[in-house]
$ cat my_file16.cif   # mmCIF, C-alpha atoms
data_structure
#
loop_
_atom_site.label_atom_id
_atom_site.label_comp_id
_atom_site.auth_asym_id
_atom_site.auth_seq_id
_atom_site.Cartn_x
_atom_site.Cartn_y
_atom_site.Cartn_z
CA MET K 1 -3.60 -0.07 -0.84
CA ASP K 2 -5.50 2.87 -2.30
CA THR K 3 -5.78 1.99 -5.98
CA THR K 4 -7.98 4.96 -6.88
CA VAL K 5 -4.89 6.95 -7.85
CA GLY K 6 -3.58 4.42 -10.32
CA ASP K 7 -2.58 0.86 -11.00
CA VAL K 8 -0.27 -1.59 -9.36
CA TYR K 9 2.83 -2.48 -11.36
CA GLU K 10 5.20 -5.34 -10.70
CA VAL K 11 8.89 -4.64 -11.11
CA PHE K 12 11.60 -7.08 -12.11
CA ARG K 13 15.23 -6.15 -12.04
CA GLN K 14 18.47 -7.39 -13.52
CA GLU K 15 21.45 -6.82 -11.31
CA GLU K 16 24.21 -7.48 -13.83
CA GLN K 17 24.23 -7.89 -17.58
CA GLY K 18 23.29 -11.52 -18.32
CA ASP K 19 21.67 -12.18 -14.92
CA PRO K 20 18.11 -13.48 -14.86
CA PHE K 21 15.44 -10.92 -14.00
CA ARG K 22 14.18 -11.33 -10.47
CA HIS K 23 11.01 -9.96 -8.94
CA ALA K 24 11.95 -6.81 -7.03
CA GLY K 25 8.57 -5.70 -5.69
CA ASN K 26 5.70 -3.52 -6.81
CA LEU K 27 4.54 0.05 -6.92
CA LEU K 28 1.47 2.21 -7.45
CA ALA K 29 1.48 4.76 -10.27
CA PRO K 30 -1.06 6.98 -12.04
CA ASP K 31 0.11 5.90 -15.51
CA ASP K 32 2.70 3.90 -17.44
CA ASP K 33 5.18 6.77 -17.80
CA LEU K 34 5.22 7.54 -14.12
CA ALA K 35 5.40 3.81 -13.35
CA LEU K 36 8.70 3.67 -15.24
CA GLN K 37 10.00 6.66 -13.34
CA TYR K 38 8.96 5.36 -9.96
CA ALA K 39 10.53 2.00 -10.81
CA ARG K 40 13.80 3.81 -11.38
CA ASP K 41 13.50 5.65 -8.09
CA LEU K 42 12.44 2.66 -6.02
CA TYR K 43 14.53 -0.10 -7.57
CA GLY K 44 17.31 1.54 -9.53
CA ARG K 45 18.54 4.80 -8.10
CA ARG K 46 21.39 3.24 -6.13
CA HIS K 47 23.05 1.53 -9.08
CA GLU K 48 21.55 -1.80 -7.97
CA SER K 49 20.04 -2.58 -11.39
CA VAL K 50 21.21 -2.46 -14.98
CA ARG K 51 17.75 -3.03 -16.38
CA LEU K 52 14.15 -3.06 -15.13
CA TRP K 53 11.01 -4.68 -16.42
CA VAL K 54 7.83 -2.94 -15.34
CA VAL K 55 4.57 -4.78 -15.87
CA ARG K 56 1.05 -3.77 -15.05
CA ARG K 57 -0.12 -6.36 -12.56
CA ALA K 58 -3.37 -6.73 -14.50
CA ALA K 59 -1.34 -7.78 -17.56
CA ILE K 60 0.21 -10.73 -15.77
CA MET K 61 -1.49 -14.03 -16.63
CA GLU K 62 -1.67 -16.51 -13.85
CA VAL K 63 -1.92 -20.26 -13.53
CA LYS K 64 -2.84 -21.41 -10.06
CA ASP K 65 -5.43 -24.12 -10.70
CA ALA K 66 -4.61 -27.15 -8.55
CA ASP K 67 -6.12 -29.41 -11.20
CA LEU K 68 -3.42 -28.22 -13.59
CA LEU K 69 -0.47 -27.90 -11.24
CA ALA K 70 -1.02 -30.76 -8.78
CA SER K 71 -2.42 -33.89 -10.38
CA GLN K 72 -4.64 -36.15 -8.31
CA LEU K 73 -3.24 -39.35 -9.85
CA ASP K 74 0.13 -41.01 -9.37
CA ARG K 75 2.55 -39.46 -11.84
CA THR K 76 5.80 -40.65 -10.34
CA TYR K 77 6.37 -42.70 -13.50
CA ARG K 78 6.91 -39.36 -15.33
CA GLU K 79 9.51 -38.12 -12.92
CA GLY K 80 13.24 -38.68 -13.08
CA ALA K 81 13.07 -40.73 -9.92
CA GLY K 82 10.89 -43.22 -11.79
CA TYR K 83 13.80 -44.13 -14.01
CA ARG K 84 16.18 -45.08 -11.22
CA ILE K 85 15.64 -48.73 -12.04
CA THR K 86 17.35 -48.23 -15.41
CA VAL K 87 20.66 -47.81 -13.55
CA GLU K 88 20.26 -51.30 -12.12
CA LYS K 89 19.13 -52.66 -15.46
CA ARG K 90 22.12 -51.15 -17.26
CA LYS K 91 24.47 -52.70 -14.69
CA ALA K 92 22.89 -56.10 -15.18
CA LEU K 93 23.07 -55.77 -18.96
CA ARG K 94 26.78 -54.89 -18.87
CA ALA K 95 27.47 -57.87 -16.63
CA ARG K 96 25.55 -60.18 -18.94
CA VAL K 97 27.36 -58.88 -22.07
CA ALA K 98 30.73 -59.26 -20.38
CA ALA K 99 29.88 -62.81 -19.32
CA GLU K 100 28.75 -63.76 -22.84
CA ARG K 101 31.95 -62.32 -24.37
CA GLY K 102 33.98 -64.30 -21.85
CA GLU K 103 32.24 -67.47 -22.92
CA ALA K 104 32.83 -66.72 -26.63
CA LYS K 105 36.61 -66.58 -26.18
CA MET A 106 39.68 34.30 -19.34
CA ILE A 107 40.26 35.14 -15.71
CA ASP A 108 38.56 32.57 -13.52
CA GLU A 109 36.96 35.16 -11.23
CA LYS A 110 34.85 36.32 -14.15
CA LEU A 111 33.20 32.89 -14.17
CA VAL A 112 31.94 33.19 -10.61
CA PRO A 113 28.67 35.09 -11.25
CA LEU A 114 27.70 32.57 -13.94
CA LEU A 115 28.53 29.54 -11.79
CA MET A 116 26.70 31.05 -8.82
CA ALA A 117 23.56 31.67 -10.89
CA LEU A 118 23.60 28.06 -12.09
CA ALA A 119 24.26 26.70 -8.60
CA ASP A 120 21.74 28.91 -6.81
CA ASP A 121 18.93 28.02 -9.23
CA GLU A 122 19.46 24.34 -8.50
CA LEU A 123 19.93 24.75 -4.75
CA VAL A 124 16.82 26.85 -4.22
CA LEU A 125 14.59 24.76 -6.47
CA GLY A 126 15.94 21.57 -4.88
CA TYR A 127 15.10 23.02 -1.49
CA ARG A 128 11.57 23.95 -2.56
CA ASP A 129 11.01 20.47 -4.02
CA SER A 130 12.27 18.87 -0.84
CA GLU A 131 9.41 20.57 1.01
CA TRP A 132 7.16 17.86 -0.49
CA THR A 133 9.06 15.09 1.25
CA GLY A 134 6.57 13.25 3.42
CA ILE A 135 3.49 14.98 2.00
CA ALA A 136 3.56 14.23 -1.75
CA PRO A 137 0.29 12.85 -3.18
CA LEU A 138 1.47 9.24 -3.11
CA LEU A 139 4.34 7.37 -1.57
CA GLU A 140 6.04 6.58 -4.87
CA GLU A 141 5.90 10.23 -5.88
CA ASP A 142 7.29 11.19 -2.50
CA VAL A 143 10.36 9.05 -3.17
CA ALA A 144 10.65 10.26 -6.77
CA LEU A 145 10.42 13.97 -6.02
CA SER A 146 12.70 13.72 -2.99
CA SER A 147 15.22 11.95 -5.19
CA MET A 148 14.96 14.70 -7.79
CA ALA A 149 15.38 17.36 -5.10
CA GLN A 150 18.60 15.62 -4.10
CA ASP A 151 19.66 15.53 -7.75
CA GLU A 152 19.19 19.30 -8.01
CA ILE A 153 21.19 19.89 -4.87
CA GLY A 154 23.87 17.56 -6.25
CA HIS A 155 24.05 19.71 -9.39
CA ALA A 156 24.30 22.84 -7.24
CA ARG A 157 27.15 21.23 -5.33
CA MET A 158 29.05 20.56 -8.54
CA PHE A 159 28.86 24.25 -9.49
CA TYR A 160 29.74 25.39 -5.94
CA GLU A 161 32.78 23.13 -6.06
CA MET A 162 33.89 24.86 -9.25
CA VAL A 163 33.54 28.20 -7.45
CA SER A 164 35.36 26.73 -4.48
CA GLY A 165 38.32 25.96 -6.73
CA ILE A 166 38.41 29.60 -7.85
CA LEU A 167 37.78 31.41 -4.56
CA ASP A 168 39.50 28.93 -2.24
CA LYS A 169 36.47 28.72 0.08
CA SER A 170 34.55 25.60 1.06
CA PRO A 171 31.44 24.78 -1.02
CA ASP A 172 29.32 24.88 2.15
CA SER A 173 30.45 28.36 3.09
CA ILE A 174 29.91 29.52 -0.49
CA ALA A 175 26.41 28.07 -0.55
CA LEU A 176 25.19 29.03 2.91
CA GLY A 177 27.48 31.75 4.22
CA ARG A 178 25.74 34.57 2.35
CA GLU A 179 23.05 37.14 2.92
CA PRO A 180 19.91 36.74 0.78
CA SER A 181 21.18 39.53 -1.50
CA GLY A 182 24.25 37.39 -2.26
CA PHE A 183 22.10 34.75 -4.01
CA HIS A 184 21.77 34.88 -7.80
CA HIS A 185 18.95 32.45 -8.57
CA CYS A 186 15.97 33.57 -10.60
CA ARG A 187 12.79 34.47 -8.77
CA LEU A 188 10.90 31.60 -10.38
CA VAL A 189 12.59 29.06 -8.13
CA GLU A 190 12.16 30.93 -4.83
CA ARG A 191 8.35 31.09 -4.84
CA PRO A 192 6.66 28.90 -2.23
CA ARG A 193 5.81 25.41 -3.44
CA GLY A 194 2.08 26.20 -3.76
CA ASP A 195 -0.20 23.29 -4.60
CA TRP A 196 0.89 20.16 -6.46
CA ALA A 197 -0.05 21.67 -9.83
CA TYR A 198 2.10 24.72 -9.14
CA SER A 199 5.14 22.67 -8.17
CA MET A 200 4.80 20.35 -11.16
CA ALA A 201 4.20 23.19 -13.61
CA ARG A 202 7.20 25.07 -12.25
CA GLN A 203 9.34 21.95 -12.47
CA PHE A 204 8.29 21.40 -16.06
CA LEU A 205 8.87 25.00 -17.18
CA TYR A 206 12.15 25.25 -15.29
CA ASP A 207 13.49 21.92 -16.56
CA ALA A 208 12.76 22.98 -20.13
CA ALA A 209 14.66 26.23 -19.57
CA ASP A 210 17.48 24.47 -17.76
CA GLY A 211 17.62 21.95 -20.61
CA VAL A 212 18.32 24.56 -23.29
CA ARG A 213 20.75 26.33 -20.96
CA LEU A 214 22.70 23.13 -20.29
CA GLU A 215 22.77 22.27 -23.98
CA MET A 216 24.31 25.67 -24.66
CA LEU A 217 26.88 25.21 -21.89
CA THR A 218 28.13 21.93 -23.38
CA ARG A 219 29.54 24.21 -26.09
CA SER A 220 31.39 26.43 -23.59
CA THR A 221 35.08 27.07 -24.20
CA HIS A 222 35.60 26.57 -20.47
CA LYS A 223 36.17 22.82 -20.59
CA PRO A 224 35.52 21.90 -16.93
CA LEU A 225 32.12 23.57 -17.23
CA ALA A 226 31.27 21.86 -20.54
CA LEU A 227 32.25 18.45 -19.13
CA GLY A 228 30.42 18.91 -15.83
CA VAL A 229 27.28 20.03 -17.59
CA ALA A 230 27.28 16.95 -19.81
CA LYS A 231 26.87 14.81 -16.68
CA VAL A 232 24.06 16.96 -15.34
CA ILE A 233 22.17 16.62 -18.63
CA ARG A 234 21.89 12.86 -18.17
CA GLU A 235 19.92 13.33 -14.95
CA GLU A 236 17.88 16.25 -16.19
CA LYS A 237 16.52 14.15 -19.05
CA TYR A 238 14.74 12.07 -16.45
CA HIS A 239 13.40 15.14 -14.65
CA ARG A 240 11.89 16.40 -17.88
CA MET A 241 10.08 13.12 -18.48
CA HIS A 242 8.66 13.36 -14.98
CA GLY A 243 7.42 16.94 -15.45
CA GLU A 244 5.85 16.20 -18.82
CA SER A 245 4.03 13.20 -17.39
CA TRP A 246 2.48 15.34 -14.70
CA ILE A 247 1.48 18.11 -17.08
CA GLY A 248 -0.46 15.52 -19.09
CA LYS A 249 -1.85 13.89 -15.98
CA LEU A 250 -3.13 17.13 -14.48
CA ALA A 251 -4.40 18.53 -17.78
CA HIS A 252 -6.56 15.46 -18.46
CA GLY A 253 -7.28 14.40 -14.89
CA THR A 254 -10.36 16.12 -13.47
CA ASP A 255 -11.89 19.54 -13.91
CA GLU A 256 -10.22 20.56 -10.70
CA SER A 257 -6.75 19.37 -11.74
CA HIS A 258 -7.09 21.14 -15.09
CA ARG A 259 -8.22 24.35 -13.43
CA ARG A 260 -5.39 24.22 -10.90
CA LEU A 261 -2.82 23.56 -13.61
CA GLU A 262 -4.01 26.50 -15.69
CA ALA A 263 -3.99 28.76 -12.65
CA ALA A 264 -0.45 27.60 -11.83
CA LEU A 265 0.83 28.30 -15.34
CA LEU A 266 -0.69 31.78 -15.33
CA GLN A 267 0.80 32.47 -11.93
CA LEU A 268 4.24 31.26 -13.05
CA TRP A 269 4.30 33.06 -16.36
CA PRO A 270 5.46 36.55 -15.22
CA ASP A 271 8.44 34.99 -13.42
CA LEU A 272 9.76 33.10 -16.44
CA PRO A 273 11.68 35.84 -18.27
CA GLY A 274 13.73 36.20 -15.09
CA PHE A 275 15.35 32.85 -15.79
CA PHE A 276 16.92 34.41 -18.88
CA GLU A 277 18.05 37.61 -17.13
CA PRO A 278 21.72 38.27 -17.91
CA VAL A 279 24.34 37.43 -15.32
CA GLU A 280 26.97 39.92 -14.23
CA GLY A 281 29.70 40.26 -16.85
CA GLU A 282 27.67 38.36 -19.43
CA ALA A 283 28.92 40.33 -22.45
CA GLU A 284 32.50 39.49 -21.58
CA LEU A 285 31.69 35.83 -20.99
CA VAL A 286 30.01 35.67 -24.39
CA LYS A 287 33.01 37.32 -26.03
CA ALA A 288 35.33 34.72 -24.50
CA GLY A 289 33.05 31.87 -25.57
CA VAL A 290 32.52 30.74 -21.97
CA LEU A 291 28.92 31.51 -22.73
CA PRO A 292 28.34 30.54 -26.36
CA GLU A 293 25.33 32.88 -26.48
CA PRO A 294 23.63 35.43 -24.23
CA PHE A 295 20.89 33.92 -22.09
CA SER A 296 18.21 35.92 -23.88
CA ALA A 297 18.95 33.89 -27.03
CA LEU A 298 17.62 30.80 -25.24
CA LEU A 299 14.10 32.13 -24.80
CA PRO A 300 12.77 31.12 -28.25
CA ARG A 301 14.40 27.69 -27.94
CA TRP A 302 12.78 27.22 -24.56
CA TRP A 303 9.42 28.02 -26.12
CA GLN A 304 10.04 25.44 -28.85
CA VAL A 305 10.28 22.82 -26.11
CA VAL A 306 7.35 24.05 -24.03
CA GLU A 307 4.84 25.07 -26.67
CA PRO A 308 4.14 21.60 -28.19
CA VAL A 309 3.56 20.11 -24.73
CA LEU A 310 1.14 22.84 -23.70
CA ALA A 311 -0.62 22.67 -27.08
CA ARG A 312 -0.95 18.88 -26.89
CA HIS A 313 -2.78 19.22 -23.59
CA GLY A 314 -5.04 22.11 -24.57
CA LEU A 315 -3.14 24.63 -22.45
CA HIS A 316 -2.42 27.05 -25.23
CA GLY A 317 -3.84 30.54 -24.71
CA PRO A 318 -3.13 34.19 -25.32
CA ASN A 319 -1.85 34.51 -21.77
CA LEU A 320 0.56 31.60 -22.11
CA GLY A 321 3.08 32.41 -24.80
CA LEU A 322 6.11 34.49 -25.60
CA ASN A 323 3.87 37.45 -26.41
CA ALA A 324 2.46 37.36 -22.92
CA PHE A 325 5.87 38.21 -21.47
CA SER A 326 6.43 41.82 -20.58
CA ASP A 327 9.98 43.15 -20.75
CA HIS A 328 12.17 42.29 -17.79
CA SER A 329 9.27 40.68 -15.98
CA GLY A 330 10.55 38.53 -13.13
CA TYR A 331 13.98 40.15 -13.31
CA GLY A 332 16.08 40.97 -10.27
CA GLY A 333 17.13 37.57 -9.06
CA ARG A 334 20.44 37.47 -10.91
CA GLU A 335 21.34 40.78 -9.23
CA GLY A 336 20.45 39.52 -5.80
CA ARG A 337 17.09 41.26 -5.53
CA HIS A 338 14.67 38.71 -4.12
CA SER A 339 11.14 38.55 -2.77
CA GLU A 340 10.10 38.24 0.87
CA ASP A 341 9.39 34.58 0.11
CA PHE A 342 13.10 34.01 -0.31
CA VAL A 343 14.06 35.74 2.91
CA LYS A 344 11.83 33.29 4.79
CA LEU A 345 13.31 30.38 2.90
CA TRP A 346 16.85 31.66 3.49
CA ASN A 347 16.23 31.82 7.24
CA GLU A 348 15.22 28.18 7.16
CA MET A 349 17.99 27.02 4.80
CA THR A 350 20.79 28.64 6.76
CA LEU A 351 19.43 27.99 10.26
CA VAL A 352 21.61 24.98 11.05
CA TYR A 353 24.67 26.34 9.27
CA GLY A 354 24.31 29.63 11.16
CA VAL A 355 24.45 27.88 14.55
CA ASP A 356 27.98 26.65 13.90
CA PRO A 357 29.53 27.28 10.48
CA GLU A 358 32.62 25.26 11.40
CA ALA A 359 30.73 22.12 12.45
CA VAL A 360 31.84 18.93 10.74
CA TRP A 361 29.13 16.51 9.57
#
$ encode --input "my_file16.cif" --output "structure tokens"
Amino acid sequence: MDTTVGDVYEVFRQEEQGDPFRHAGNLLAPDDDLALQYARDLYGRRHESVRLWVVRRAAIMEVKDADLLASQLDRTYREGAGYRITVEKRKALRARVAAERGEAK
Amino acid sequence: MIDEKLVPLLMALADDELVLGYRDSEWTGIAPLLEEDVALSSMAQDEIGHARMFYEMVSGILDKSPDSIALGREPSGFHHCRLVERPRGDWAYSMARQFLYDAADGVRLEMLTRSTHKPLALGVAKVIREEKYHRMHGESWIGKLAHGTDESHRRLEAALLQLWPDLPGFFEPVEGEAELVKAGVLPEPFSALLPRWWQVVEPVLARHGLHGPNLGLNAFSDHSGYGGREGRHSEDFVKLWNEMTLVYGVDPEAVW
């Protein structure tokens, strides 16, 4: 893309009031004002959006470091799946309590 | 008010939008960048949509189809101002014309919202919502070209100077204007809009260092650019008319 005529802007659109904003695409514009106008023409002129967010691509901060996003060590103990054993433990506990109460009677 | 008396006014409004929309559409495919291509083409379609609304009002009065009203005329039957019929020129010329025209159209539409002819006042209120966006676009480009490069600044200044003599023609009276004003269909004569137009344009030009003795109300000579509202057009329009009516002329009854 020829970026000598401007900057790349990323556009997010909301389809209905209350919907989350979803990435719609991007555009090239000479300045912020025209970026807003082009966003309207490219992503909003057919009534497909009730609101647009237009962000200079350069203003978007990014996290893509594998060291941060994909740990090298086993972290399964932090995940929900790691707690599956509590289901079994709770079952056993209930059974034990019930048995003890039965004995007390 | 007899409806027929409204026709010259409605035709002037419609023809301005049709012809300018057509000129803008000539940039489709060759605008400076793809996004602008889409934006300007969309605006050209907006203008033609506004023209259609006015032609439909005429259609209700004359009992003729909007298409035949729009295209079934000789060049001398068109009532647009000369400003809009000039060839598109370079990008600076088209953007400067769009900016100056939209400012004029803006004050004209504002006036028409106060018309005693209710269908006109209501229709115009819808058009205003789209024109607001056109004005933002024009102003952006004036700033962009004024502060871009030496070449863009030079081209913009040349465009403004070239456009200037045509501008009073926008405010040329339409046929039967005095009567329309009397009936309140036109709240004011068109000439009363000129100073209001300048109030919109002047700050933008001044902000971008485009203020000069040759760009101002004083630089207008009387009746400069007049003729269009009476159907007197330049050779440029005859060429454009040939193109615009080419398909319609082959078979006016064709259904699309």
$ atom_distance --input "my_file16.cif" --atom1 "CA of Asp271 (chain A)" --atom2 "CA of Arg187 (chain A)"
6.4 Å
$ residues_around --input "my_file16.cif" --residues "region 346-356 of chain A" --least-positions-apart "6" --cutoff "9 Å" --atoms "only C-alpha atoms" --output "list in words"
Tyr127, Asp172, Ser173, Leu176, Gly177, Arg178, Glu179 and Pro180 of chain A
$ residues_around --input "my_file16.cif" --residues "Asp195 (chain A)" --least-positions-apart "6" --cutoff "10 Å" --atoms "all atoms listed in the file" --output "list in words"
Arg260, Leu261 and Ala264 of chain A
$ interface_residues --input "my_file16.cif" --of "chain A" --to "chain K" --cutoff "7 Å" --atoms "only C-alpha atoms" --output "ChimeraX atom specification"
/A:140,143-144,242,245
$ residues_around --input "my_file16.cif" --residues "region 248-250 of chain A" --least-positions-apart "4" --cutoff "10 Å" --atoms "all atoms listed in the file" --output "PyMOL selection string"
(chain K and resi 30-31+34) or (chain A and resi 196-197+200-201+243-244+254-262+309-310+312-314)
$ residues_near_point --input "my_file16.cif" --point "(14.3, -0.5, -20.9)" --cutoff "12 Å" --atoms "all atoms listed in the file" --output "list in words"
Val11, Phe12, Arg13, Gln14, Leu36, Gln37, Ala39, Arg40, Gly44, Ser49, Val50, Arg51, Leu52, Trp53, Val54 and Val55 of chain K
$ resolve_selection --input "my_file16.cif" --expression "the PyMOL selection byres ((chain A and resi 275-286) around 10)" --output "number ranges by chain"
A: 106, 110-118, 121, 184-189, 206, 209-210, 213, 220-221, 271-274, 287-299, 328-335
$ atom_distance --input "my_file16.cif" --atom1 "CA of Lys64 (chain K)" --atom2 "CA of Asp7 (chain K)"
22.3 Å
$ residues_near_point --input "my_file16.cif" --point "(5.5, 33.8, -25.8)" --cutoff "9 Å" --atoms "all atoms listed in the file" --output "ChimeraX atom specification"
/A:299-300,303,307,318-325
$ residues_around --input "my_file16.cif" --residues "Asp341 (chain A)" --least-positions-apart "6" --cutoff "8 Å" --atoms "all atoms listed in the file" --output "number ranges by chain"
A: 190-192
$ closest_residue --input "my_file16.cif" --among "A:Leu214, A:Met158, A:Ala175, A:Leu167" --to "Trp302 (chain A)" --atoms "all atoms listed in the file"
A:Leu214
$ residues_around --input "my_file16.cif" --residues "Asp129 (chain A)" --least-positions-apart "2" --cutoff "10 Å" --atoms "only C-alpha atoms" --output "mmCIF file with C-alpha atoms, in the frame of the given file"
data_model
loop_
_atom_site.group_PDB
_atom_site.id
_atom_site.type_symbol
_atom_site.label_atom_id
_atom_site.label_comp_id
_atom_site.auth_asym_id
_atom_site.auth_seq_id
_atom_site.Cartn_x
_atom_site.Cartn_y
_atom_site.Cartn_z
ATOM 1 C CA LEU A 123 19.930 24.750 -4.750
ATOM 2 C CA VAL A 124 16.820 26.850 -4.220
ATOM 3 C CA LEU A 125 14.590 24.760 -6.470
ATOM 4 C CA GLY A 126 15.940 21.570 -4.880
ATOM 5 C CA TYR A 127 15.100 23.020 -1.490
ATOM 6 C CA GLU A 131 9.410 20.570 1.010
ATOM 7 C CA TRP A 132 7.160 17.860 -0.490
ATOM 8 C CA THR A 133 9.060 15.090 1.250
ATOM 9 C CA ALA A 136 3.560 14.230 -1.750
ATOM 10 C CA LEU A 145 10.420 13.970 -6.020
ATOM 11 C CA SER A 146 12.700 13.720 -2.990
ATOM 12 C CA SER A 147 15.220 11.950 -5.190
ATOM 13 C CA MET A 148 14.960 14.700 -7.790
ATOM 14 C CA ALA A 149 15.380 17.360 -5.100
ATOM 15 C CA GLN A 150 18.600 15.620 -4.100
ATOM 16 C CA GLU A 152 19.190 19.300 -8.010
ATOM 17 C CA VAL A 189 12.590 29.060 -8.130
ATOM 18 C CA PRO A 192 6.660 28.900 -2.230
ATOM 19 C CA ARG A 193 5.810 25.410 -3.440
ATOM 20 C CA SER A 199 5.140 22.670 -8.170
ATOM 21 C CA MET A 200 4.800 20.350 -11.160
ATOM 22 C CA GLN A 203 9.340 21.950 -12.470
#
$ atom_distance --input "my_file16.cif" --atom1 "CA of Gly165 (chain A)" --atom2 "CA of Ser181 (chain A)"
22.5 Å
$ resolve_selection --input "my_file16.cif" --expression "the PyMOL selection byres ((chain K and resi 56) around 7)" --output "list in words"
Val8, Tyr9, Glu10, Val54, Val55, Arg57, Ala58 and Ala59 of chain K
$ resolve_selection --input "my_file16.cif" --expression "the PyMOL selection byres ((chain A and resi 234-236) around 10)" --output "MDAnalysis selection string"
chainID A and resid 148 151:152 155 207:208 210:211 214 229:233 237:242
$ closest_residue --input "my_file16.cif" --among "A:Pro270, A:Gly194, A:Pro224, A:Pro308" --to "Ile247 (chain A)" --atoms "only C-alpha atoms"
A:Pro308
